[in-house]
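Chemist: Below you'll find the structure I mean.
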Amino acid sequence: MADEVRAPEATTTTEAPQRSGPRDRDRERGGRPGGGREGGRKYFRRKKVCKFCVEKIEAINYKDVRLLAQFVAESGKIVPRRLTGVCTPHQRRLSSAIKQARNIALLPFAGRAM
Amino acid sequence: MKRTYELMFIVRPDMPEEEMSKLISTLESSVSSAGGTVKSEVWGKRRLAYTVRRFHDGIFVLLTVEGGGAIIHELERRLRVTEPVIKFITVRIDEEQKRLDKIKKIRESRKKTSTAPAVTPEAASEPAATPAH
């Protein structure tokens, strides 16, 4: 058994090394490049950090429009946190601040595009 | 009882200054007569993000009120009735202030503990260094 595993040229009877051979090759070819592409898109994305955590900005006020406008798209929509990299508690405070700013006409509900 | 509120309202842009200062002083007096303190800040004319009652600009005024909820109720009632005021929003800020003060305290206490005892980091690094050597 061990000799047959070490010498893969002996491709006569045992099925286990034959099965594992093509499987390994397929995994190597199809697995790595495909996994590399999908891993880059789905998982990490340059490891974005939360701007508020880094700069230690604690007070997210509805009044500072310049800060809030960075997290609002051109259409006026709030940008999701997977794109901006903001952490969850800050994203919650940010979105409520944006909604308050919209109510007092500091930010638009809908931009001109959409 | 000491709740802090921020009341921001927008006045139509074609309103003369004396009328506006009169309005602000009326609001301030109603607050102080009800037993609260108020600070006012006029932001000036700003462009609105969308058209409100066919106006594109407005004069923004910010009032910081300390007092009970009844004061705010009264202020909002007045603002609703006042014709030149086109929009207002009230935000309660005392809880937020508490949180911010707490965070500041924690940060200051951290700074003090990190700068004052310079001996402890050295003492900690020495036993760590000796096994490495």
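Labeling convention for the structure tokens: chains A, B, ... as they appear, residues from 1 per chain, ligands from 1 in order of appearance.
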If we count only C-alpha atoms, what is near Val49 in chain A at a cut-off of 9 Å, once residues fewer than 5 positions away on the same chain are taken out, given as a short mmCIF file (atom, residue, chain, number, x, y, z; two decimals) with N, CA and C atoms, in the first residue's frame?
Modeler:
```cif
data_model
loop_
_atom_site.label_atom_id
_atom_site.label_comp_id
_atom_site.auth_asym_id
_atom_site.auth_seq_id
_atom_site.Cartn_x
_atom_site.Cartn_y
_atom_site.Cartn_z
N VAL A 54 -10.71 55.14 14.63
CA VAL A 54 -9.31 55.53 14.46
C VAL A 54 -9.09 56.95 14.97
N THR A 84 -17.96 51.67 3.47
CA THR A 84 -17.21 52.70 4.17
C THR A 84 -16.31 52.14 5.25
N GLY A 85 -16.59 50.92 5.72
CA GLY A 85 -15.75 50.32 6.75
C GLY A 85 -16.05 50.81 8.15
N VAL A 86 -17.19 51.43 8.36
CA VAL A 86 -17.54 51.93 9.68
C VAL A 86 -18.01 50.76 10.55
N CYS A 87 -17.71 50.82 11.82
CA CYS A 87 -18.15 49.74 12.70
C CYS A 87 -19.61 49.94 13.08
#
```
Chemist: From a DSSP pass on the backbone, collect the residues of chain B flagged as alpha helix (DSSP H) and hand them back as a VMD selection string.
Modeler: chain B and resid 17 to 33 69 to 81 94 to 115 119 to 132
Chemist: Suppose you want the space between CA of Gly69 in chain B and CA of Ile89 in chain B; what is it in Å?
Modeler: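 The value is 14.2 Å.
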Chemist: Could you produce a table of the residues of chain A lying within 6 Å of chain B, with the nearest pair of atoms per residue and their separation in Å rounded to one decimal, using only C-alpha atoms, ordered by chain and increasing residue number, as JSON lines?
Modeler:
```
{"residue": "A:Ala105", "atom": "CA", "partner": "B:Ala49", "partner_atom": "CA", "distance": 5.1}
{"residue": "A:Leu106", "atom": "CA", "partner": "B:Ala49", "partner_atom": "CA", "distance": 5.5}
{"residue": "A:Leu107", "atom": "CA", "partner": "B:Ala49", "partner_atom": "CA", "distance": 5.3}
{"residue": "A:Pro108", "atom": "CA", "partner": "B:Ala49", "partner_atom": "CA", "distance": 4.8}
```
Chemist: What's around Leu63 in chain B at 12 Å? Count only C-alpha atoms, leave out sequence neighbours fewer than 3 positions away in its own chain, and write the answer as a VMD selection string.
Modeler: chain B and resid 4 to 10 24 to 25 27 to 28 31 37 to 43 60 66 72 75 to 76 88 to 92
Chemist: Show me, as a PyMOL selection string, the residues that have an atom within 9 Å of Val65 in chain A when counting only C-alpha atoms, minus same-chain residues fewer than 3 positions from it.
Modeler: chain A and resi 61-62+68-70+98+101+106-107
Chemist: Counting only C-alpha atoms, figure out which residue out of A:Arg81, A:Phe109, A:Leu94, A:Leu67 gets nearest to Lys48 in chain A.
Modeler: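 Of A:Arg81, A:Phe109, A:Leu94, A:Leu67, the one nearest Lys48 in chain A, counting only C-alpha atoms, is A:Arg81.
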Chemist: Would you work out the distance separating CA of Leu23 in chain B from CA of Gly35 in chain B, expressed in Å to one decimal?
Modeler: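 A separation of 18.8 Å between them.
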Chemist: For a test of reading the model, state the distance in Å between CA of Lys51 in chain A and CA of Arg82 in chain A, rounded to one decimal.
Modeler: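 Computing the Euclidean distance for CA of Lys51 in chain A and CA of Arg82 in chain A yields 12.8 Å.
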